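target-v4.csv (CSV, C-alpha atoms) appears below.
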chain,number,residue,atom,x,y,z
A,1,MET,CA,4.4,-3.9,-11.8
A,2,ARG,CA,1.5,-4.3,-9.4
A,3,ALA,CA,1.7,-2.8,-5.9
A,4,ILE,CA,-0.3,-1.7,-2.9
A,5,LEU,CA,0.6,1.9,-1.8
A,6,THR,CA,0.2,2.7,1.9
A,7,TYR,CA,-0.3,6.1,3.6
A,8,HIS,CA,-1.1,7.0,7.1
A,9,SER,CA,-1.4,10.8,7.9
A,10,ILE,CA,-1.4,13.8,5.6
A,11,ASP,CA,0.5,16.4,7.7
A,12,ALA,CA,3.6,18.6,7.7
A,13,SER,CA,5.4,17.0,10.7
A,14,GLY,CA,7.8,15.0,8.6
A,15,SER,CA,7.3,11.9,10.8
A,16,PRO,CA,7.6,8.3,9.5
A,17,ILE,CA,3.8,8.1,9.3
A,18,SER,CA,3.3,11.4,7.6
A,19,ILE,CA,3.3,12.8,4.1
A,20,ASP,CA,2.9,16.5,3.5
A,21,ALA,CA,0.0,17.9,1.5
A,22,ALA,CA,2.1,19.1,-1.4
A,23,SER,CA,3.6,15.6,-1.9
A,24,PHE,CA,0.3,14.0,-1.6
A,25,ALA,CA,-1.1,16.4,-4.2
A,26,ARG,CA,1.7,15.4,-6.6
A,27,HIS,CA,0.8,11.7,-6.0
A,28,VAL,CA,-2.8,12.3,-6.7
A,29,LYS,CA,-2.0,14.2,-9.9
A,30,PHE,CA,0.1,11.3,-11.1
A,31,LEU,CA,-2.4,8.6,-10.1
A,32,ALA,CA,-5.2,10.5,-11.9
A,33,SER,CA,-3.1,10.8,-15.1
A,34,SER,CA,-3.9,7.3,-16.3
A,35,ARG,CA,-0.2,6.4,-16.6
A,36,VAL,CA,-1.0,3.7,-14.0
A,37,ARG,CA,-4.3,2.0,-13.3
A,38,VAL,CA,-5.7,2.6,-9.8
A,39,LEU,CA,-7.9,-0.3,-8.7
A,40,PRO,CA,-9.9,-1.0,-5.6
A,41,LEU,CA,-7.8,-3.1,-3.3
A,42,GLU,CA,-9.9,-6.3,-3.6
A,43,GLU,CA,-10.0,-6.0,-7.4
A,44,LEU,CA,-6.2,-5.7,-7.6
A,45,LEU,CA,-5.7,-8.7,-5.3
A,46,ALA,CA,-8.2,-10.8,-7.2
A,47,SER,CA,-6.7,-9.9,-10.6
A,48,THR,CA,-4.0,-11.8,-12.4
A,49,ASP,CA,-3.3,-9.0,-14.9
A,50,ALA,CA,0.4,-8.2,-15.0
A,51,GLN,CA,0.0,-4.7,-16.3
A,52,ASP,CA,1.0,-1.7,-14.1
A,53,ALA,CA,-1.7,-1.2,-11.4
A,54,VAL,CA,-1.9,0.0,-7.8
A,55,ALA,CA,-4.3,0.1,-5.0
A,56,LEU,CA,-4.3,2.8,-2.3
A,57,THR,CA,-4.5,2.1,1.4
A,58,PHE,CA,-4.5,4.4,4.4
A,59,ASP,CA,-3.8,3.0,7.9
A,60,ASP,CA,-5.4,4.1,11.2
A,61,GLY,CA,-8.2,6.3,10.1
A,62,PHE,CA,-6.9,9.8,10.9
A,63,VAL,CA,-9.3,12.8,10.8
A,64,ASN,CA,-7.1,14.4,8.2
A,65,PHE,CA,-8.0,11.6,5.8
A,66,GLU,CA,-11.5,13.0,5.5
A,67,GLN,CA,-10.2,16.5,5.5
A,68,LEU,CA,-7.4,16.3,3.0
A,69,ALA,CA,-7.0,12.9,1.3
A,70,TRP,CA,-10.5,11.7,0.5
A,71,PRO,CA,-11.7,15.0,-1.1
A,72,ALA,CA,-8.8,14.9,-3.6
A,73,LEU,CA,-9.2,11.2,-4.3
A,74,ARG,CA,-12.9,11.4,-4.7
A,75,ALA,CA,-12.7,14.4,-7.0
A,76,HIS,CA,-10.6,12.2,-9.4
A,77,GLY,CA,-12.5,9.0,-9.0
A,78,LEU,CA,-9.6,7.2,-7.3
A,79,PRO,CA,-10.7,4.3,-5.0
A,80,ALA,CA,-9.0,3.7,-1.6
A,81,THR,CA,-9.2,1.4,1.4
A,82,LEU,CA,-9.0,2.8,5.0
A,83,PHE,CA,-7.9,0.4,7.7
A,84,VAL,CA,-9.4,1.3,11.1
A,85,PRO,CA,-8.8,0.0,14.6
A,86,THR,CA,-12.5,-0.4,15.6
A,87,ARG,CA,-12.3,0.3,19.3
A,88,ARG,CA,-10.1,3.4,18.9
A,89,THR,CA,-12.5,5.3,16.7
A,90,GLY,CA,-13.1,8.9,17.8
A,91,GLY,CA,-9.9,8.8,20.0
A,92,ASP,CA,-6.3,9.3,18.9
A,93,ASN,CA,-3.2,7.3,18.0
A,94,ARG,CA,-1.6,7.0,21.4
A,95,TRP,CA,-2.1,3.3,21.0
A,96,GLU,CA,-0.6,2.3,24.3
A,97,GLY,CA,-1.8,5.4,26.2
A,98,ARG,CA,1.3,7.5,25.7
A,99,ASP,CA,2.9,9.6,23.0
A,100,GLU,CA,5.5,8.0,20.8
A,101,PRO,CA,8.7,10.0,20.2
A,102,GLY,CA,8.8,11.4,16.7
A,103,ILE,CA,5.1,10.5,15.9
A,104,PRO,CA,2.5,13.3,16.1
A,105,THR,CA,-0.6,12.6,18.3
A,106,LEU,CA,-3.5,12.9,15.9
A,107,PRO,CA,-7.3,12.5,16.2
A,108,LEU,CA,-9.0,9.5,14.6
A,109,LEU,CA,-12.3,9.4,12.7
A,110,ASP,CA,-15.4,8.4,14.7
A,111,TRP,CA,-18.2,6.1,13.5
A,112,ASP,CA,-20.3,8.8,12.1
A,113,ALA,CA,-17.5,10.0,9.9
A,114,LEU,CA,-16.7,6.4,8.9
A,115,GLY,CA,-20.3,5.8,8.0
A,116,ARG,CA,-20.3,9.0,5.9
A,117,LEU,CA,-17.2,8.0,4.0
A,118,HIS,CA,-18.4,4.4,3.4
A,119,GLU,CA,-21.6,5.8,1.9
A,120,GLN,CA,-19.5,7.9,-0.4
A,121,GLY,CA,-17.7,4.8,-1.8
A,122,LEU,CA,-14.7,4.4,0.5
A,123,SER,CA,-13.7,0.8,1.3
A,124,ILE,CA,-13.0,0.1,4.9
A,125,GLY,CA,-10.9,-2.7,6.2
A,126,SER,CA,-9.9,-4.1,9.6
A,127,HIS,CA,-6.8,-2.9,11.5
A,128,SER,CA,-7.7,-5.0,14.7
A,129,ARG,CA,-9.7,-3.5,17.6
A,130,THR,CA,-7.1,-1.6,19.5
A,131,HIS,CA,-4.0,-1.5,17.3
A,132,ALA,CA,-2.3,-4.0,19.6
A,133,TRP,CA,1.0,-5.8,19.0
A,134,LEU,CA,-0.7,-9.1,18.1
A,135,THR,CA,2.3,-11.4,18.6
A,136,ARG,CA,2.3,-10.2,22.3
A,137,VAL,CA,-1.3,-11.1,23.2
A,138,ASP,CA,-2.8,-14.3,24.4
A,139,ALA,CA,-5.2,-16.5,22.4
A,140,SER,CA,-8.3,-14.9,23.8
A,141,GLN,CA,-7.2,-11.4,23.1
A,142,LEU,CA,-6.0,-12.3,19.7
A,143,ARG,CA,-9.4,-13.6,18.9
A,144,GLU,CA,-11.0,-10.4,20.2
A,145,GLU,CA,-8.6,-8.2,18.1
A,146,VAL,CA,-9.1,-10.1,14.9
A,147,GLU,CA,-12.6,-11.5,14.9
A,148,GLY,CA,-14.0,-8.8,17.1
A,149,ALA,CA,-12.9,-6.1,14.7
A,150,ARG,CA,-14.7,-7.8,11.8
A,151,GLU,CA,-17.8,-8.0,13.9
A,152,ASP,CA,-17.6,-4.3,14.9
A,153,LEU,CA,-17.4,-3.3,11.2
A,154,ARG,CA,-20.4,-5.6,10.4
A,155,GLN,CA,-22.5,-4.1,13.3
A,156,ARG,CA,-21.6,-0.4,12.8
A,157,LEU,CA,-21.3,-0.2,9.0
A,158,GLY,CA,-23.0,-3.3,7.7
A,159,LEU,CA,-20.0,-4.5,5.9
A,160,ASP,CA,-18.2,-7.8,5.8
A,161,ALA,CA,-14.5,-6.9,5.8
A,162,THR,CA,-12.3,-9.2,3.6
A,163,VAL,CA,-8.9,-7.5,4.2
A,164,PHE,CA,-7.0,-7.2,7.4
A,165,CYS,CA,-3.9,-5.0,8.1
A,166,TYR,CA,-1.5,-6.1,10.8
A,167,PRO,CA,-0.9,-3.2,13.3
A,168,TYR,CA,2.8,-2.3,13.2
A,169,GLY,CA,3.2,-5.0,10.6
A,170,ASP,CA,3.5,-7.4,13.6
A,171,PHE,CA,2.6,-11.0,12.9
A,172,ASP,CA,3.9,-14.5,13.2
A,173,ALA,CA,2.5,-17.9,12.2
A,174,ARG,CA,-0.1,-18.0,15.0
A,175,VAL,CA,-1.4,-14.5,14.2
A,176,GLU,CA,-1.5,-15.3,10.5
A,177,ARG,CA,-3.6,-18.4,11.1
A,178,ALA,CA,-6.0,-16.4,13.2
A,179,VAL,CA,-6.4,-13.7,10.5
A,180,ALA,CA,-6.7,-16.3,7.8
A,181,ASN,CA,-9.7,-17.8,9.6
A,182,CYS,CA,-11.6,-14.5,9.2
A,183,TYR,CA,-10.2,-12.6,6.2
A,184,ARG,CA,-9.4,-13.4,2.6
A,185,TRP,CA,-6.3,-11.2,2.6
A,186,ALA,CA,-4.0,-9.4,5.0
A,187,CYS,CA,-1.5,-6.6,4.4
A,188,THR,CA,1.9,-6.3,6.0
A,189,THR,CA,4.5,-3.5,6.1
A,190,GLU,CA,7.0,-5.5,4.0
A,191,PHE,CA,8.3,-3.0,1.5
A,192,ALA,CA,7.9,-4.6,-1.9
A,193,PRO,CA,5.6,-4.7,-5.0
A,194,LEU,CA,3.1,-7.5,-5.3
A,195,GLY,CA,4.5,-10.7,-6.8
A,196,PRO,CA,2.8,-13.9,-8.0
A,197,ALA,CA,4.2,-16.0,-5.1
A,198,ASP,CA,3.0,-13.7,-2.3
A,199,ALA,CA,0.9,-15.5,0.3
A,200,PRO,CA,-2.6,-14.0,0.6
A,201,HIS,CA,-2.1,-13.1,4.3
A,202,ARG,CA,1.4,-11.7,3.9
A,203,LEU,CA,0.9,-9.1,1.2
A,204,PRO,CA,3.7,-6.5,0.9
A,205,ARG,CA,3.1,-2.7,0.4
A,206,LEU,CA,5.0,0.3,-0.7
A,207,ASP,CA,5.1,3.0,1.9
A,208,ALA,CA,4.4,6.4,0.3
A,209,TYR,CA,6.6,8.1,2.8
A,210,TYR,CA,9.6,7.1,0.6
A,211,PHE,CA,8.1,8.7,-2.5
A,212,ARG,CA,7.7,12.3,-1.1
A,213,GLY,CA,10.2,13.9,-3.3
A,214,ALA,CA,9.6,15.3,-6.7
A,215,SER,CA,9.2,12.5,-9.3
A,216,GLY,CA,9.2,10.0,-6.4
A,217,LEU,CA,6.2,8.1,-7.6
A,218,GLU,CA,6.0,9.3,-11.2
A,219,SER,CA,8.5,6.8,-12.4
A,220,PHE,CA,6.4,3.9,-11.1
A,221,GLY,CA,7.2,0.6,-12.9
A,222,SER,CA,10.4,1.8,-14.6
A,223,ALA,CA,13.8,0.3,-14.2
A,224,SER,CA,14.9,3.3,-12.1
A,225,PHE,CA,11.9,2.8,-9.8
A,226,ARG,CA,12.7,-0.9,-9.4
A,227,LEU,CA,16.3,0.0,-8.5
A,228,ARG,CA,15.1,2.5,-5.9
A,229,LEU,CA,12.8,-0.2,-4.4
A,230,ALA,CA,15.7,-2.7,-4.2
A,231,LEU,CA,18.0,-0.1,-2.5
A,232,ARG,CA,15.4,0.9,0.0
A,233,ARG,CA,14.6,-2.7,0.8
A,234,ARG,CA,18.3,-3.4,1.5
A,235,ALA,CA,18.5,-0.3,3.7
A,236,ARG,CA,15.5,-1.4,5.7
A,237,ALA,CA,16.9,-4.9,6.1
A,238,LEU,CA,20.2,-3.5,7.4
A,239,LYS,CA,18.3,-1.2,9.8
A,240,ARG,CA,16.4,-4.2,11.2
A,241,ALA,CA,19.6,-6.3,11.5
A,242,LEU,CA,21.2,-3.5,13.5
A,243,GLY,CA,18.1,-3.3,15.7
A,244,ARG,CA,17.3,0.3,14.8

Do you think you could lay out the structure here as C-alpha coordinates?
Amino acid sequence: MRAILTYHSIDASGSPISIDAASFARHVKFLASSRVRVLPLEELLASTDAQDAVALTFDDGFVNFEQLAWPALRAHGLPATLFVPTRRTGGDNRWEGRDEPGIPTLPLLDWDALGRLHEQGLSIGSHSRTHAWLTRVDASQLREEVEGAREDLRQRLGLDATVFCYPYGDFDARVERAVANCYRWACTTEFAPLGPADAPHRLPRLDAYYFRGASGLESFGSASFRLRLALRRRARALKRALGR
(Lines of atoms letter the chains of each structure in order from A and count residues from 1; the text may use other names and numbers.)
(Lines give C-alpha, C1' and ligand atoms only; values in the text may rest on other atoms or scores of the structure.)
Protein backbone atom coordinates (compact mmCIF):
# COMPACT_ATOMS: atom_id res chain seq x y z
CA MET A 1 0.00 0.00 0.00
CA ARG A 2 1.18 3.50 -0.88
CA ALA A 3 -0.41 6.52 0.78
CA ILE A 4 -0.09 10.19 1.59
CA LEU A 5 -0.74 10.91 5.27
CA THR A 6 -2.02 14.35 6.14
CA TYR A 7 -1.87 16.29 9.39
CA HIS A 8 -2.85 19.83 10.29
CA SER A 9 -2.29 20.87 13.91
CA ILE A 10 -0.63 19.12 16.85
CA ASP A 11 -2.81 20.20 19.78
CA ALA A 12 -5.06 18.79 22.48
CA SER A 13 -8.36 20.35 21.35
CA GLY A 14 -9.73 17.18 19.76
CA SER A 15 -10.93 19.19 16.74
CA PRO A 16 -11.18 17.67 13.24
CA ILE A 17 -7.92 19.38 12.27
CA SER A 18 -6.05 18.30 15.40
CA ILE A 19 -4.06 15.35 16.66
CA ASP A 20 -2.77 15.29 20.22
CA ALA A 21 0.94 15.15 20.99
CA ALA A 22 0.82 11.63 22.44
CA SER A 23 -0.86 10.21 19.34
CA PHE A 24 1.59 12.02 17.11
CA ALA A 25 4.49 10.60 19.13
CA ARG A 26 3.12 7.08 18.56
CA HIS A 27 2.89 7.78 14.83
CA VAL A 28 6.48 9.00 14.72
CA LYS A 29 7.67 5.94 16.62
CA PHE A 30 5.95 3.66 14.11
CA LEU A 31 7.11 5.64 11.08
CA ALA A 32 10.68 5.57 12.35
CA SER A 33 10.58 1.80 12.95
CA SER A 34 11.28 0.91 9.30
CA ARG A 35 8.11 -1.18 9.14
CA VAL A 36 6.98 1.18 6.40
CA ARG A 37 9.12 3.37 4.15
CA VAL A 38 8.67 7.11 4.60
CA LEU A 39 9.56 8.93 1.38
CA PRO A 40 9.61 12.59 0.36
CA LEU A 41 6.27 13.38 -1.26
CA GLU A 42 7.65 13.99 -4.73
CA GLU A 43 9.68 10.77 -4.60
CA LEU A 44 6.61 8.77 -3.59
CA LEU A 45 4.54 10.29 -6.39
CA ALA A 46 7.22 9.69 -9.02
CA SER A 47 7.75 6.08 -7.92
CA THR A 48 5.96 3.08 -9.38
CA ASP A 49 7.18 0.78 -6.60
CA ALA A 50 4.22 -1.07 -5.10
CA GLN A 51 5.85 -1.78 -1.73
CA ASP A 52 4.43 -0.20 1.42
CA ALA A 53 5.43 3.46 1.53
CA VAL A 54 4.02 6.75 2.78
CA ALA A 55 4.69 10.45 2.48
CA LEU A 56 3.85 12.91 5.26
CA THR A 57 2.06 16.18 4.60
CA PHE A 58 0.98 18.98 6.93
CA ASP A 59 -1.60 21.57 5.85
CA ASP A 60 -1.77 25.28 6.71
CA GLY A 61 1.62 25.87 8.36
CA PHE A 62 0.75 26.17 12.03
CA VAL A 63 3.36 27.43 14.49
CA ASN A 64 3.00 24.18 16.41
CA PHE A 65 4.47 22.36 13.42
CA GLU A 66 7.83 23.95 14.14
CA GLN A 67 7.41 23.58 17.89
CA LEU A 68 6.18 19.98 18.07
CA ALA A 69 6.09 18.10 14.77
CA TRP A 70 9.28 19.05 12.97
CA PRO A 71 11.70 18.43 15.86
CA ALA A 72 10.41 14.85 16.22
CA LEU A 73 10.44 14.19 12.48
CA ARG A 74 13.87 15.68 12.01
CA ALA A 75 15.32 13.72 14.93
CA HIS A 76 14.33 10.51 13.14
CA GLY A 77 15.23 11.65 9.63
CA LEU A 78 11.61 11.57 8.45
CA PRO A 79 10.84 13.84 5.46
CA ALA A 80 7.68 15.93 5.28
CA THR A 81 5.94 18.49 3.10
CA LEU A 82 4.24 21.56 4.57
CA PHE A 83 1.50 23.21 2.48
CA VAL A 84 1.23 26.94 3.22
CA PRO A 85 -1.24 29.67 2.15
CA THR A 86 1.35 32.26 1.15
CA ARG A 87 -0.58 35.46 1.93
CA ARG A 88 -1.63 34.26 5.40
CA THR A 89 1.85 33.61 6.78
CA GLY A 90 2.34 35.14 10.23
CA GLY A 91 -1.42 35.39 10.75
CA ASP A 92 -3.89 32.77 11.94
CA ASN A 93 -6.39 30.28 10.52
CA ARG A 94 -9.48 32.49 10.62
CA TRP A 95 -9.53 32.10 6.85
CA GLU A 96 -12.62 34.19 6.25
CA GLY A 97 -11.95 36.58 9.11
CA ARG A 98 -13.97 34.77 11.73
CA ASP A 99 -13.69 31.81 14.08
CA GLU A 100 -15.03 28.51 12.83
CA PRO A 101 -17.09 26.52 15.37
CA GLY A 102 -15.21 23.51 16.64
CA ILE A 103 -11.88 24.63 15.14
CA PRO A 104 -9.23 26.26 17.35
CA THR A 105 -7.82 29.59 16.19
CA LEU A 106 -4.09 29.05 15.90
CA PRO A 107 -1.09 31.11 14.75
CA LEU A 108 0.62 30.42 11.44
CA LEU A 109 4.33 30.38 10.70
CA ASP A 110 5.85 33.54 9.23
CA TRP A 111 8.33 33.72 6.35
CA ASP A 112 11.36 33.77 8.64
CA ALA A 113 10.26 30.50 10.21
CA LEU A 114 9.44 28.96 6.84
CA GLY A 115 12.86 29.93 5.56
CA ARG A 116 14.47 28.33 8.60
CA LEU A 117 12.53 25.11 8.13
CA HIS A 118 13.27 24.98 4.42
CA GLU A 119 16.98 25.32 5.12
CA GLN A 120 16.68 22.40 7.53
CA GLY A 121 15.33 20.16 4.78
CA LEU A 122 11.56 20.64 4.98
CA SER A 123 9.73 20.57 1.65
CA ILE A 124 7.18 23.35 1.22
CA GLY A 125 4.24 23.24 -1.16
CA SER A 126 1.46 25.56 -2.23
CA HIS A 127 -1.89 25.83 -0.43
CA SER A 128 -3.06 28.83 -2.49
CA ARG A 129 -2.54 32.41 -1.36
CA THR A 130 -5.42 32.97 1.07
CA HIS A 131 -6.94 29.50 1.65
CA ALA A 132 -9.95 30.49 -0.44
CA TRP A 133 -12.78 28.24 -1.62
CA LEU A 134 -11.44 28.02 -5.15
CA THR A 135 -14.68 26.91 -6.81
CA ARG A 136 -16.29 30.16 -5.59
CA VAL A 137 -13.81 32.66 -7.03
CA ASP A 138 -13.74 34.22 -10.49
CA ALA A 139 -11.09 33.51 -13.12
CA SER A 140 -8.87 36.40 -12.11
CA GLN A 141 -8.83 35.50 -8.42
CA LEU A 142 -8.31 31.83 -9.24
CA ARG A 143 -5.20 32.75 -11.18
CA GLU A 144 -3.98 34.88 -8.26
CA GLU A 145 -4.57 32.09 -5.76
CA VAL A 146 -2.93 29.36 -7.83
CA GLU A 147 -0.20 31.05 -9.86
CA GLY A 148 0.43 33.79 -7.31
CA ALA A 149 1.14 31.32 -4.52
CA ARG A 150 3.80 29.61 -6.63
CA GLU A 151 5.38 32.97 -7.37
CA ASP A 152 5.35 33.90 -3.66
CA LEU A 153 7.23 30.70 -2.81
CA ARG A 154 9.73 31.40 -5.55
CA GLN A 155 10.37 34.96 -4.43
CA ARG A 156 10.42 34.36 -0.67
CA LEU A 157 12.09 30.95 -0.46
CA GLY A 158 13.71 30.50 -3.87
CA LEU A 159 11.84 27.28 -4.60
CA ASP A 160 9.75 26.09 -7.52
CA ALA A 161 6.77 24.33 -5.95
CA THR A 162 5.60 21.27 -7.83
CA VAL A 163 2.73 20.18 -5.55
CA PHE A 164 -0.49 22.04 -4.75
CA CYS A 165 -3.00 21.28 -2.01
CA TYR A 166 -6.63 22.35 -2.57
CA PRO A 167 -7.91 24.39 0.41
CA TYR A 168 -10.83 22.54 2.03
CA GLY A 169 -10.33 19.88 -0.67
CA ASP A 170 -12.46 22.20 -2.82
CA PHE A 171 -12.00 21.84 -6.58
CA ASP A 172 -13.84 21.22 -9.82
CA ALA A 173 -12.75 20.79 -13.44
CA ARG A 174 -12.03 24.52 -13.85
CA VAL A 175 -9.89 24.65 -10.71
CA GLU A 176 -8.11 21.44 -11.62
CA ARG A 177 -7.15 22.86 -15.03
CA ALA A 178 -5.77 26.02 -13.44
CA VAL A 179 -3.69 24.00 -10.99
CA ALA A 180 -2.45 21.61 -13.68
CA ASN A 181 -1.10 24.59 -15.63
CA CYS A 182 1.28 25.39 -12.72
CA TYR A 183 1.95 22.25 -10.73
CA ARG A 184 2.89 18.66 -11.48
CA TRP A 185 0.65 17.21 -8.77
CA ALA A 186 -2.21 18.26 -6.50
CA CYS A 187 -3.56 16.76 -3.26
CA THR A 188 -7.20 16.49 -2.30
CA THR A 189 -8.97 15.49 0.92
CA GLU A 190 -10.35 12.30 -0.63
CA PHE A 191 -9.81 9.58 1.99
CA ALA A 192 -8.01 6.74 0.24
CA PRO A 193 -4.57 5.24 -0.35
CA LEU A 194 -2.79 5.98 -3.60
CA GLY A 195 -3.79 3.85 -6.57
CA PRO A 196 -2.31 3.35 -10.04
CA ALA A 197 -5.29 5.05 -11.69
CA ASP A 198 -5.21 8.24 -9.59
CA ALA A 199 -5.10 11.41 -11.68
CA PRO A 200 -2.01 13.49 -10.82
CA HIS A 201 -4.11 16.49 -9.79
CA ARG A 202 -6.65 14.49 -7.77
CA LEU A 203 -4.42 12.64 -5.36
CA PRO A 204 -6.14 11.16 -2.28
CA ARG A 205 -4.73 11.29 1.24
CA LEU A 206 -5.33 9.58 4.57
CA ASP A 207 -6.20 12.02 7.34
CA ALA A 208 -4.17 11.15 10.45
CA TYR A 209 -7.09 12.35 12.60
CA TYR A 210 -8.68 8.92 12.08
CA PHE A 211 -5.62 7.07 13.38
CA ARG A 212 -5.28 8.74 16.78
CA GLY A 213 -6.09 5.64 18.83
CA ALA A 214 -3.61 3.04 20.00
CA SER A 215 -2.50 0.87 17.07
CA GLY A 216 -4.35 3.18 14.69
CA LEU A 217 -1.51 3.56 12.23
CA GLU A 218 0.64 0.62 13.27
CA SER A 219 -1.38 -1.88 11.22
CA PHE A 220 -0.70 0.07 8.00
CA GLY A 221 -1.06 -2.08 4.90
CA SER A 222 -2.72 -5.04 6.63
CA ALA A 223 -6.12 -6.51 5.78
CA SER A 224 -7.59 -5.00 8.95
CA PHE A 225 -6.20 -1.59 8.04
CA ARG A 226 -7.72 -1.80 4.56
CA LEU A 227 -11.06 -2.76 6.07
CA ARG A 228 -10.92 0.24 8.41
CA LEU A 229 -10.24 2.51 5.44
CA ALA A 230 -13.18 1.09 3.52
CA LEU A 231 -15.54 1.54 6.47
CA ARG A 232 -14.33 5.08 7.07
CA ARG A 233 -14.78 5.97 3.40
CA ARG A 234 -18.35 4.69 3.50
CA ALA A 235 -19.08 6.69 6.63
CA ARG A 236 -17.66 9.85 5.06
CA ALA A 237 -19.67 9.27 1.87
CA LEU A 238 -22.85 8.84 3.88
CA LYS A 239 -22.12 12.02 5.83
CA ARG A 240 -21.68 13.95 2.57
CA ALA A 241 -24.88 12.50 1.15
CA LEU A 242 -26.78 13.65 4.22
CA GLY A 243 -25.22 17.10 3.96
CA ARG A 244 -23.49 16.96 7.35

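Put simply, atom CA of A:Gly195 is 7.5 Å away from atom CA of A:Arg2.
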
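With atom CA of A:Ala80 on one side and atom CA of A:Phe58 on the other, the separation reads 7.5 Å.
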
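Counting all atoms listed in the file, the residue from A:Asp198, A:Pro204, A:Ser13, A:Glu190 that sits nearest to A:Arg234 is A:Glu190.
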
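Interatomic distance, atom CA of A:Ala192 to atom CA of A:Gly213: 18.7 Å.
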
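Each of A:Arg233, A:His131, A:Ser140, A:Thr105 was compared to A:Ser18 using all atoms listed in the file, and A:Thr105 turns out to be the nearest.
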
Which protein, DNA or RNA residues have an atom at most 12 Å from (-1.3, -18.2, 12.3), counting only C-alpha atoms? List them as a tab-separated table (two decimals) with C-alpha atoms, keeping the file's coordinate frame.
chain	number	residue	atom	x	y	z
A	134	LEU	CA	-0.70	-9.10	18.10
A	135	THR	CA	2.30	-11.40	18.60
A	139	ALA	CA	-5.20	-16.50	22.40
A	142	LEU	CA	-6.00	-12.30	19.70
A	143	ARG	CA	-9.40	-13.60	18.90
A	146	VAL	CA	-9.10	-10.10	14.90
A	170	ASP	CA	3.50	-7.40	13.60
A	171	PHE	CA	2.60	-11.00	12.90
A	172	ASP	CA	3.90	-14.50	13.20
A	173	ALA	CA	2.50	-17.90	12.20
A	174	ARG	CA	-0.10	-18.00	15.00
A	175	VAL	CA	-1.40	-14.50	14.20
A	176	GLU	CA	-1.50	-15.30	10.50
A	177	ARG	CA	-3.60	-18.40	11.10
A	178	ALA	CA	-6.00	-16.40	13.20
A	179	VAL	CA	-6.40	-13.70	10.50
A	180	ALA	CA	-6.70	-16.30	7.80
A	181	ASN	CA	-9.70	-17.80	9.60
A	182	CYS	CA	-11.60	-14.50	9.20
A	186	ALA	CA	-4.00	-9.40	5.00
A	201	HIS	CA	-2.10	-13.10	4.30
A	202	ARG	CA	1.40	-11.70	3.90

Notebook entry, point to check: Residues at most 9 Å from stretch 23-31 of chain A, counting only C-alpha atoms, excluding those fewer than 2 positions away in the same chain, as a VMD selection string?
Noted result: chain A and resid 10 19 to 21 33 to 38 54 69 72 to 73 76 78 208 211 to 218

Next item on the list: Go ahead and find all residues with at least one atom no further than 9 Å from (-13.2, -6.6, 16.0) in the file's coordinates, using all atoms listed in the file; report them as an MDAnalysis selection string.
Entry: chainID A and resid 85:87 126:130 143:153

Next item on the list: Please identify all polymer residues within 8 Å of A:Arg205, counting all atoms listed in the file, omitting same-chain residues fewer than 6 positions from it, and present them as a PyMOL selection string.
Entry: chain A and resi 3-6+187-194

Build an axis-aligned box that encloses every atom of stretch 145-149 of chain A listed in the file, pad it by 5 Å on each side, and report its centre and edge lengths in Å to one decimal, as AutoDock Vina command-line options.
--center_x -11.3 --center_y -8.8 --center_z 16.4 --size_x 15.4 --size_y 15.4 --size_z 13.4

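Of the listed residues A:Asp207, A:Asp110, A:Asp160, A:Asp138, the one whose atoms come nearest to A:Val63 is A:Asp110, with distances taken using all atoms listed in the file.
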
Using 9 Å as the limit and counting only C-alpha atoms, can you tabulate each residue of stretch 105-191 of chain A that touches stretch 40-48 of chain A, with its shortest atom-to-atom distance in Å and the two atoms involved, as a tab-separated table?
residue	atom	partner	partner_atom	distance
A:Ser123	CA	A:Pro40	CA	8.1
A:Thr162	CA	A:Glu42	CA	8.1
A:Val163	CA	A:Glu42	CA	8.0
A:Trp185	CA	A:Leu45	CA	8.3

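Each of A:Tyr168, A:Glu100, A:Ala22, A:Leu39 was checked against A:His8 using all atoms listed in the file; the smallest atom-to-atom distance is that of A:Tyr168.
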